[in-house]
There are 4 protein chains.
Amino acid sequence: MHTMTLDHAKKIVAACEVKAHEIGIPMVISVVDEGANLVLQERMDGAMIAGITLAQDKAYTAAATGFDTHQIAPLVQPGKIAYGLAGMDRGRLVVFPGGLTLKSGDKTIGAVGVAGGMADQDQEVAQAGRKAL
Amino acid sequence: MHTMTLDHAKKIVAACEVKAHEIGIPMVISVVDEGANLVLQERMDGAMIAGITLAQDKAYTAAATGFDTHQIAPLVQPGKIAYGLAGMDRGRLVVFPGGLTLKSGDKTIGAVGVAGGMADQDQEVAQAGRKAL
Amino acid sequence: MHTMTLDHAKKIVAACEVKAHEIGIPMVISVVDEGANLVLQERMDGAMIAGITLAQDKAYTAAATGFDTHQIAPLVQPGKIAYGLAGMDRGRLVVFPGGLTLKSGDKTIGAVGVAGGMADQDQEVAQAGRKAL
Amino acid sequence: MHTMTLDHAKKIVAACEVKAHEIGIPMVISVVDEGANLVLQERMDGAMIAGITLAQDKAYTAAATGFDTHQIAPLVQPGKIAYGLAGMDRGRLVVFPGGLTLKSGDKTIGAVGVAGGMADQDQEVAQAGRKAL
């Protein structure tokens, strides 16, 4: 797989949805391509409205930086080198778990972002999506 | 059907996708609920990047005004009473075809928005989605 | 009356609400003060969601320019001197009916903005609010 | 009560206003519906201008996440799992007291947001609004 297609995105989102059902929390799930542009987003019934933007921004952040969002967290704490990064890039950079890059070899070909539960639950759901690729 | 669910949205988007394939132009398709909040959005492979926002804003406009976007067009022409409406509401109001309300009786329960082709093609794809409901 | 108070705003909004009920269309009604800052806003049950921003922006435009929004309309038509004004000021300038200045003598002390119906209906409701002052 | 109506919102805001008078600090009070869209907002005479957006964003945050804003505070401290959440979702997520969900059983049907005093005073006023429902 070398580029993100809608078919790939559907598989990723479907796997996320299964995991979210398993956890029992409705989620919003987003997949973006290597240009960090949205390919597919779905909001499960009852998922929090704030997740609409958060899931998309998590996927954006991962694709646009090449880092998983949880990898960014330690760098932005008070006193650390990237303190103040949260919310930069027109409010879109997310620095807590739930956004994972999707790679083909070393190349970032897209990302998946999940929001709706506690950040560690979002992360678990996003990992199910990554595994499906 | 009284509220928009993810299952309804999936049916609507699937019908739009079939019609877009038939026309031969990749589209972005969005479905929002009665609060004008996004439920499902997909970008077909090769669909224009600008469609990501346009499809969502078309769906937003229809749900947030209760009018199909093509119905708004005549009212906003130069010299007409609502000239200047285009792009209001923080840049989200779209005044050309491709956004259709989804109703249950008199009540707007959501909307579908399509972008990617000429406005009349977008409209045709959106109509296929509405019919699927 | 020399400054806009919450009591004044409540009277204005109440008068608008009566007129909107009379017309039979639910409206969003906003009142701002001389600083063009929101004092009171209400959305009648069933009023369109897009009216939330539009009513506020109409009131903002009137207070922030000193003109009723319908007075601005002729100046912004294609070929006219202020063509392109619509949507300027971070998307807030509205150039169609429904925003009226509220004056004490020559001084603008606030404005009322109404959205939810056709622009001429919005205007009629706003006028009922102005008269109540 | 299953959905937020303007009448409900008026009762909530009136109760908040009484409490704010009791405390002796003018406040801005906002009520949103289950779609996190504004129903009613009022600014008491002399309330700080920044409260206009803050009250609305507190109500938005509670309705859009399903959590009271003070419940979010511990999760977003430096080193915690959701550090960086403050100001996400296009600048709207508030993580300090003053935004309370309004529920019917388990379902969030709206929220009230208050700003104008110290955060604990805002919270006290918001609680008076919640009790009025």
# chains A, B, ... in the order shown; residues from 1 in each chain; ligands from 1
$ residues_around --residues "Val112 of chain B" --least-positions-apart "5" --cutoff "12 Å" --atoms "only C-alpha atoms" --output "PyMOL selection string"
chain B and resi 4+8-16+28-34+36-42+54-64+66-69+97-103+122-133
$ residues_around --residues "Pro26 of chain D" --least-positions-apart "2" --cutoff "9 Å" --atoms "only C-alpha atoms" --output "ChimeraX atom specification"
/D:17,20-21,23-24,28,43-48,115-117
$ interface_residues --of "chain C" --to "chain B" --cutoff "9 Å" --atoms "only C-alpha atoms" --output "ChimeraX atom specification"
/C:47-54,57,70,73-74,76-78,84-87,90-97,116,118-120
$ select_by_dssp --residues "segment 24-133 of chain C" --states "strand (DSSP E)" --output "PDB file with all heavy atoms, in the first residue's frame"
ATOM      1  N   VAL C  28     -34.348  34.331  15.504  1.00  0.00           N
ATOM      2  CA  VAL C  28     -33.286  34.594  16.465  1.00  0.00           C
ATOM      3  C   VAL C  28     -33.160  36.115  16.564  1.00  0.00           C
ATOM      4  O   VAL C  28     -33.165  36.803  15.538  1.00  0.00           O
ATOM      5  CB  VAL C  28     -31.938  33.989  16.033  1.00  0.00           C
ATOM      6  CG1 VAL C  28     -30.888  34.220  17.112  1.00  0.00           C
ATOM      7  CG2 VAL C  28     -32.086  32.514  15.725  1.00  0.00           C
ATOM      8  N   ILE C  29     -33.076  36.619  17.791  1.00  0.00           N
ATOM      9  CA  ILE C  29     -33.069  38.066  18.035  1.00  0.00           C
ATOM     10  C   ILE C  29     -31.862  38.404  18.907  1.00  0.00           C
ATOM     11  O   ILE C  29     -31.650  37.781  19.941  1.00  0.00           O
ATOM     12  CB  ILE C  29     -34.364  38.478  18.764  1.00  0.00           C
ATOM     13  CG1 ILE C  29     -35.589  38.014  17.975  1.00  0.00           C
ATOM     14  CG2 ILE C  29     -34.391  40.002  18.964  1.00  0.00           C
ATOM     15  CD1 ILE C  29     -36.807  37.744  18.857  1.00  0.00           C
ATOM     16  N   SER C  30     -31.093  39.413  18.459  1.00  0.00           N
ATOM     17  CA  SER C  30     -29.893  39.822  19.200  1.00  0.00           C
ATOM     18  C   SER C  30     -29.915  41.315  19.458  1.00  0.00           C
ATOM     19  O   SER C  30     -30.325  42.087  18.594  1.00  0.00           O
ATOM     20  CB  SER C  30     -28.632  39.533  18.379  1.00  0.00           C
ATOM     21  OG  SER C  30     -28.441  38.170  18.206  1.00  0.00           O
ATOM     22  N   VAL C  31     -29.420  41.717  20.608  1.00  0.00           N
ATOM     23  CA  VAL C  31     -29.232  43.130  20.911  1.00  0.00           C
ATOM     24  C   VAL C  31     -27.790  43.334  21.372  1.00  0.00           C
ATOM     25  O   VAL C  31     -27.297  42.581  22.221  1.00  0.00           O
ATOM     26  CB  VAL C  31     -30.209  43.607  22.004  1.00  0.00           C
ATOM     27  CG1 VAL C  31     -29.901  45.052  22.413  1.00  0.00           C
ATOM     28  CG2 VAL C  31     -31.644  43.501  21.520  1.00  0.00           C
ATOM     29  N   VAL C  32     -27.126  44.329  20.774  1.00  0.00           N
ATOM     30  CA  VAL C  32     -25.761  44.674  21.185  1.00  0.00           C
ATOM     31  C   VAL C  32     -25.758  46.095  21.727  1.00  0.00           C
ATOM     32  O   VAL C  32     -26.682  46.872  21.491  1.00  0.00           O
ATOM     33  CB  VAL C  32     -24.757  44.553  20.011  1.00  0.00           C
ATOM     34  CG1 VAL C  32     -24.762  43.152  19.436  1.00  0.00           C
ATOM     35  CG2 VAL C  32     -25.039  45.583  18.934  1.00  0.00           C
ATOM     36  N   ASP C  33     -24.685  46.429  22.440  1.00  0.00           N
ATOM     37  CA  ASP C  33     -24.569  47.780  23.007  1.00  0.00           C
ATOM     38  C   ASP C  33     -23.730  48.683  22.098  1.00  0.00           C
ATOM     39  O   ASP C  33     -23.405  48.299  20.971  1.00  0.00           O
ATOM     40  CB  ASP C  33     -23.997  47.707  24.423  1.00  0.00           C
ATOM     41  CG  ASP C  33     -22.587  47.135  24.460  1.00  0.00           C
ATOM     42  OD1 ASP C  33     -21.927  47.064  23.394  1.00  0.00           O
ATOM     43  OD2 ASP C  33     -22.134  46.753  25.540  1.00  0.00           O
ATOM     44  N   LEU C  38     -22.423  41.880  22.469  1.00  0.00           N
ATOM     45  CA  LEU C  38     -23.720  41.248  22.717  1.00  0.00           C
ATOM     46  C   LEU C  38     -24.239  41.513  24.133  1.00  0.00           C
ATOM     47  O   LEU C  38     -23.522  41.335  25.105  1.00  0.00           O
ATOM     48  CB  LEU C  38     -23.600  39.736  22.501  1.00  0.00           C
ATOM     49  CG  LEU C  38     -24.903  38.955  22.390  1.00  0.00           C
ATOM     50  CD1 LEU C  38     -25.691  39.361  21.158  1.00  0.00           C
ATOM     51  CD2 LEU C  38     -24.612  37.457  22.329  1.00  0.00           C
ATOM     52  N   VAL C  39     -25.505  41.916  24.230  1.00  0.00           N
ATOM     53  CA  VAL C  39     -26.173  42.072  25.521  1.00  0.00           C
ATOM     54  C   VAL C  39     -27.161  40.929  25.737  1.00  0.00           C
ATOM     55  O   VAL C  39     -27.186  40.314  26.791  1.00  0.00           O
ATOM     56  CB  VAL C  39     -26.911  43.424  25.607  1.00  0.00           C
ATOM     57  CG1 VAL C  39     -27.694  43.526  26.913  1.00  0.00           C
ATOM     58  CG2 VAL C  39     -25.922  44.570  25.476  1.00  0.00           C
ATOM     59  N   LEU C  40     -27.976  40.660  24.717  1.00  0.00           N
ATOM     60  CA  LEU C  40     -29.024  39.649  24.864  1.00  0.00           C
ATOM     61  C   LEU C  40     -29.276  38.988  23.514  1.00  0.00           C
ATOM     62  O   LEU C  40     -29.355  39.661  22.489  1.00  0.00           O
ATOM     63  CB  LEU C  40     -30.312  40.323  25.367  1.00  0.00           C
ATOM     64  CG  LEU C  40     -31.500  39.411  25.668  1.00  0.00           C
ATOM     65  CD1 LEU C  40     -31.168  38.372  26.723  1.00  0.00           C
ATOM     66  CD2 LEU C  40     -32.705  40.246  26.129  1.00  0.00           C
ATOM     67  N   GLN C  41     -29.387  37.677  23.545  1.00  0.00           N
ATOM     68  CA  GLN C  41     -29.747  36.949  22.321  1.00  0.00           C
ATOM     69  C   GLN C  41     -30.667  35.808  22.686  1.00  0.00           C
ATOM     70  O   GLN C  41     -30.408  35.093  23.645  1.00  0.00           O
ATOM     71  CB  GLN C  41     -28.488  36.395  21.626  1.00  0.00           C
ATOM     72  CG  GLN C  41     -28.836  35.438  20.493  1.00  0.00           C
ATOM     73  CD  GLN C  41     -27.771  35.312  19.431  1.00  0.00           C
ATOM     74  OE1 GLN C  41     -26.997  36.225  19.195  1.00  0.00           O
ATOM     75  NE2 GLN C  41     -27.738  34.181  18.770  1.00  0.00           N
ATOM     76  N   GLU C  42     -31.755  35.662  21.913  1.00  0.00           N
ATOM     77  CA  GLU C  42     -32.601  34.493  22.125  1.00  0.00           C
ATOM     78  C   GLU C  42     -32.991  33.853  20.803  1.00  0.00           C
ATOM     79  O   GLU C  42     -33.192  34.523  19.801  1.00  0.00           O
ATOM     80  CB  GLU C  42     -33.838  34.833  22.972  1.00  0.00           C
ATOM     81  CG  GLU C  42     -34.941  35.542  22.265  1.00  0.00           C
ATOM     82  CD  GLU C  42     -36.250  35.525  23.064  1.00  0.00           C
ATOM     83  OE1 GLU C  42     -36.235  35.766  24.273  1.00  0.00           O
ATOM     84  OE2 GLU C  42     -37.305  35.272  22.449  1.00  0.00           O
ATOM     85  N   ARG C  43     -33.072  32.542  20.825  1.00  0.00           N
ATOM     86  CA  ARG C  43     -33.526  31.764  19.670  1.00  0.00           C
ATOM     87  C   ARG C  43     -34.874  31.163  19.999  1.00  0.00           C
ATOM     88  O   ARG C  43     -34.970  30.337  20.914  1.00  0.00           O
ATOM     89  CB  ARG C  43     -32.508  30.664  19.339  1.00  0.00           C
ATOM     90  CG  ARG C  43     -32.957  29.767  18.189  1.00  0.00           C
ATOM     91  CD  ARG C  43     -31.805  29.036  17.507  1.00  0.00           C
ATOM     92  NE  ARG C  43     -31.023  28.253  18.425  1.00  0.00           N
ATOM     93  CZ  ARG C  43     -31.025  26.902  18.474  1.00  0.00           C
ATOM     94  NH1 ARG C  43     -31.760  26.192  17.634  1.00  0.00           N
ATOM     95  NH2 ARG C  43     -30.261  26.260  19.338  1.00  0.00           N
ATOM     96  N   GLY C  99     -30.881  44.288  10.453  1.00  0.00           N
ATOM     97  CA  GLY C  99     -30.059  44.888  11.520  1.00  0.00           C
ATOM     98  C   GLY C  99     -30.329  46.376  11.591  1.00  0.00           C
ATOM     99  O   GLY C  99     -30.149  47.075  10.597  1.00  0.00           O
ATOM    100  N   LEU C 100     -30.776  46.845  12.730  1.00  0.00           N
ATOM    101  CA  LEU C 100     -31.157  48.258  12.883  1.00  0.00           C
ATOM    102  C   LEU C 100     -30.394  48.898  14.034  1.00  0.00           C
ATOM    103  O   LEU C 100     -30.313  48.328  15.127  1.00  0.00           O
ATOM    104  CB  LEU C 100     -32.661  48.376  13.162  1.00  0.00           C
ATOM    105  CG  LEU C 100     -33.625  47.892  12.082  1.00  0.00           C
ATOM    106  CD1 LEU C 100     -35.073  48.079  12.557  1.00  0.00           C
ATOM    107  CD2 LEU C 100     -33.399  48.636  10.767  1.00  0.00           C
ATOM    108  N   THR C 101     -29.878  50.100  13.782  1.00  0.00           N
ATOM    109  CA  THR C 101     -29.238  50.847  14.865  1.00  0.00           C
ATOM    110  C   THR C 101     -30.293  51.298  15.864  1.00  0.00           C
ATOM    111  O   THR C 101     -31.454  51.492  15.521  1.00  0.00           O
ATOM    112  CB  THR C 101     -28.533  52.112  14.327  1.00  0.00           C
ATOM    113  OG1 THR C 101     -29.510  52.916  13.668  1.00  0.00           O
ATOM    114  CG2 THR C 101     -27.420  51.762  13.364  1.00  0.00           C
ATOM    115  N   LEU C 102     -29.866  51.456  17.085  1.00  0.00           N
ATOM    116  CA  LEU C 102     -30.710  52.032  18.133  1.00  0.00           C
ATOM    117  C   LEU C 102     -30.012  53.302  18.574  1.00  0.00           C
ATOM    118  O   LEU C 102     -28.840  53.265  18.960  1.00  0.00           O
ATOM    119  CB  LEU C 102     -30.868  51.033  19.281  1.00  0.00           C
ATOM    120  CG  LEU C 102     -31.496  49.692  18.868  1.00  0.00           C
ATOM    121  CD1 LEU C 102     -31.390  48.671  19.980  1.00  0.00           C
ATOM    122  CD2 LEU C 102     -32.949  49.855  18.434  1.00  0.00           C
ATOM    123  N   LYS C 103     -30.730  54.429  18.466  1.00  0.00           N
ATOM    124  CA  LYS C 103     -30.082  55.720  18.692  1.00  0.00           C
ATOM    125  C   LYS C 103     -30.721  56.474  19.863  1.00  0.00           C
ATOM    126  O   LYS C 103     -31.899  56.297  20.165  1.00  0.00           O
ATOM    127  CB  LYS C 103     -30.176  56.584  17.428  1.00  0.00           C
ATOM    128  CG  LYS C 103     -29.633  55.902  16.169  1.00  0.00           C
ATOM    129  CD  LYS C 103     -28.813  56.836  15.316  1.00  0.00           C
ATOM    130  CE  LYS C 103     -28.197  56.083  14.148  1.00  0.00           C
ATOM    131  NZ  LYS C 103     -27.081  56.779  13.543  1.00  0.00           N
ATOM    132  N   SER C 104     -29.923  57.277  20.493  1.00  0.00           N
ATOM    133  CA  SER C 104     -30.406  58.258  21.450  1.00  0.00           C
ATOM    134  C   SER C 104     -29.956  59.595  20.880  1.00  0.00           C
ATOM    135  O   SER C 104     -28.774  59.919  20.936  1.00  0.00           O
ATOM    136  CB  SER C 104     -29.785  57.974  22.826  1.00  0.00           C
ATOM    137  OG  SER C 104     -30.105  58.998  23.724  1.00  0.00           O
ATOM    138  N   LYS C 107     -26.692  59.715  18.600  1.00  0.00           N
ATOM    139  CA  LYS C 107     -25.695  58.746  19.064  1.00  0.00           C
ATOM    140  C   LYS C 107     -26.214  57.311  18.952  1.00  0.00           C
ATOM    141  O   LYS C 107     -27.305  56.997  19.440  1.00  0.00           O
ATOM    142  CB  LYS C 107     -25.374  59.067  20.529  1.00  0.00           C
ATOM    143  CG  LYS C 107     -24.161  58.356  21.088  1.00  0.00           C
ATOM    144  CD  LYS C 107     -23.689  58.998  22.396  1.00  0.00           C
ATOM    145  CE  LYS C 107     -22.742  58.094  23.133  1.00  0.00           C
ATOM    146  NZ  LYS C 107     -23.411  57.127  24.028  1.00  0.00           N
ATOM    147  N   THR C 108     -25.429  56.451  18.326  1.00  0.00           N
ATOM    148  CA  THR C 108     -25.755  55.026  18.287  1.00  0.00           C
ATOM    149  C   THR C 108     -25.446  54.424  19.656  1.00  0.00           C
ATOM    150  O   THR C 108     -24.307  54.469  20.104  1.00  0.00           O
ATOM    151  CB  THR C 108     -24.930  54.303  17.198  1.00  0.00           C
ATOM    152  OG1 THR C 108     -25.233  54.891  15.932  1.00  0.00           O
ATOM    153  CG2 THR C 108     -25.259  52.821  17.159  1.00  0.00           C
ATOM    154  N   ILE C 109     -26.475  53.906  20.306  1.00  0.00           N
ATOM    155  CA  ILE C 109     -26.236  53.319  21.638  1.00  0.00           C
ATOM    156  C   ILE C 109     -26.340  51.796  21.604  1.00  0.00           C
ATOM    157  O   ILE C 109     -26.227  51.128  22.625  1.00  0.00           O
ATOM    158  CB  ILE C 109     -27.228  53.864  22.674  1.00  0.00           C
ATOM    159  CG1 ILE C 109     -28.666  53.615  22.205  1.00  0.00           C
ATOM    160  CG2 ILE C 109     -26.999  55.345  22.925  1.00  0.00           C
ATOM    161  CD1 ILE C 109     -29.672  53.662  23.320  1.00  0.00           C
ATOM    162  N   GLY C 110     -26.576  51.258  20.398  1.00  0.00           N
ATOM    163  CA  GLY C 110     -26.673  49.816  20.271  1.00  0.00           C
ATOM    164  C   GLY C 110     -27.361  49.464  18.974  1.00  0.00           C
ATOM    165  O   GLY C 110     -27.516  50.308  18.088  1.00  0.00           O
ATOM    166  N   ALA C 111     -27.774  48.197  18.861  1.00  0.00           N
ATOM    167  CA  ALA C 111     -28.459  47.760  17.646  1.00  0.00           C
ATOM    168  C   ALA C 111     -29.215  46.475  17.933  1.00  0.00           C
ATOM    169  O   ALA C 111     -28.916  45.765  18.900  1.00  0.00           O
ATOM    170  CB  ALA C 111     -27.463  47.546  16.514  1.00  0.00           C
ATOM    171  N   VAL C 112     -30.206  46.216  17.079  1.00  0.00           N
ATOM    172  CA  VAL C 112     -30.951  44.959  17.159  1.00  0.00           C
ATOM    173  C   VAL C 112     -30.782  44.233  15.828  1.00  0.00           C
ATOM    174  O   VAL C 112     -30.798  44.860  14.766  1.00  0.00           O
ATOM    175  CB  VAL C 112     -32.446  45.218  17.480  1.00  0.00           C
ATOM    176  CG1 VAL C 112     -33.102  46.151  16.468  1.00  0.00           C
ATOM    177  CG2 VAL C 112     -33.225  43.906  17.574  1.00  0.00           C
ATOM    178  N   GLY C 113     -30.594  42.913  15.891  1.00  0.00           N
ATOM    179  CA  GLY C 113     -30.465  42.097  14.680  1.00  0.00           C
ATOM    180  C   GLY C 113     -31.411  40.919  14.751  1.00  0.00           C
ATOM    181  O   GLY C 113     -31.577  40.324  15.818  1.00  0.00           O
ATOM    182  N   VAL C 114     -32.042  40.607  13.625  1.00  0.00           N
ATOM    183  CA  VAL C 114     -33.031  39.532  13.581  1.00  0.00           C
ATOM    184  C   VAL C 114     -32.771  38.642  12.377  1.00  0.00           C
ATOM    185  O   VAL C 114     -32.491  39.147  11.276  1.00  0.00           O
ATOM    186  CB  VAL C 114     -34.464  40.118  13.496  1.00  0.00           C
ATOM    187  CG1 VAL C 114     -35.496  39.004  13.350  1.00  0.00           C
ATOM    188  CG2 VAL C 114     -34.768  40.963  14.724  1.00  0.00           C
ATOM    189  N   ALA C 115     -32.878  37.335  12.565  1.00  0.00           N
ATOM    190  CA  ALA C 115     -32.738  36.392  11.453  1.00  0.00           C
ATOM    191  C   ALA C 115     -33.647  35.198  11.691  1.00  0.00           C
ATOM    192  O   ALA C 115     -33.934  34.854  12.838  1.00  0.00           O
ATOM    193  CB  ALA C 115     -31.282  35.928  11.328  1.00  0.00           C
TER     194      ALA C 115
END
$ select_by_dssp --residues "segment 14-113 of chain B" --states "helix (DSSP H, G or I)" --output "PyMOL selection string"
chain B and resi 14-23+50-65+69-76+88-91
$ atom_distance --atom1 "atom CA of Val18 of chain A" --atom2 "atom CA of Thr5 of chain B"
16.9 Å
$ atom_distance --atom1 "atom CA of Gln121 of chain C" --atom2 "atom CA of Ile72 of chain B"
15.9 Å
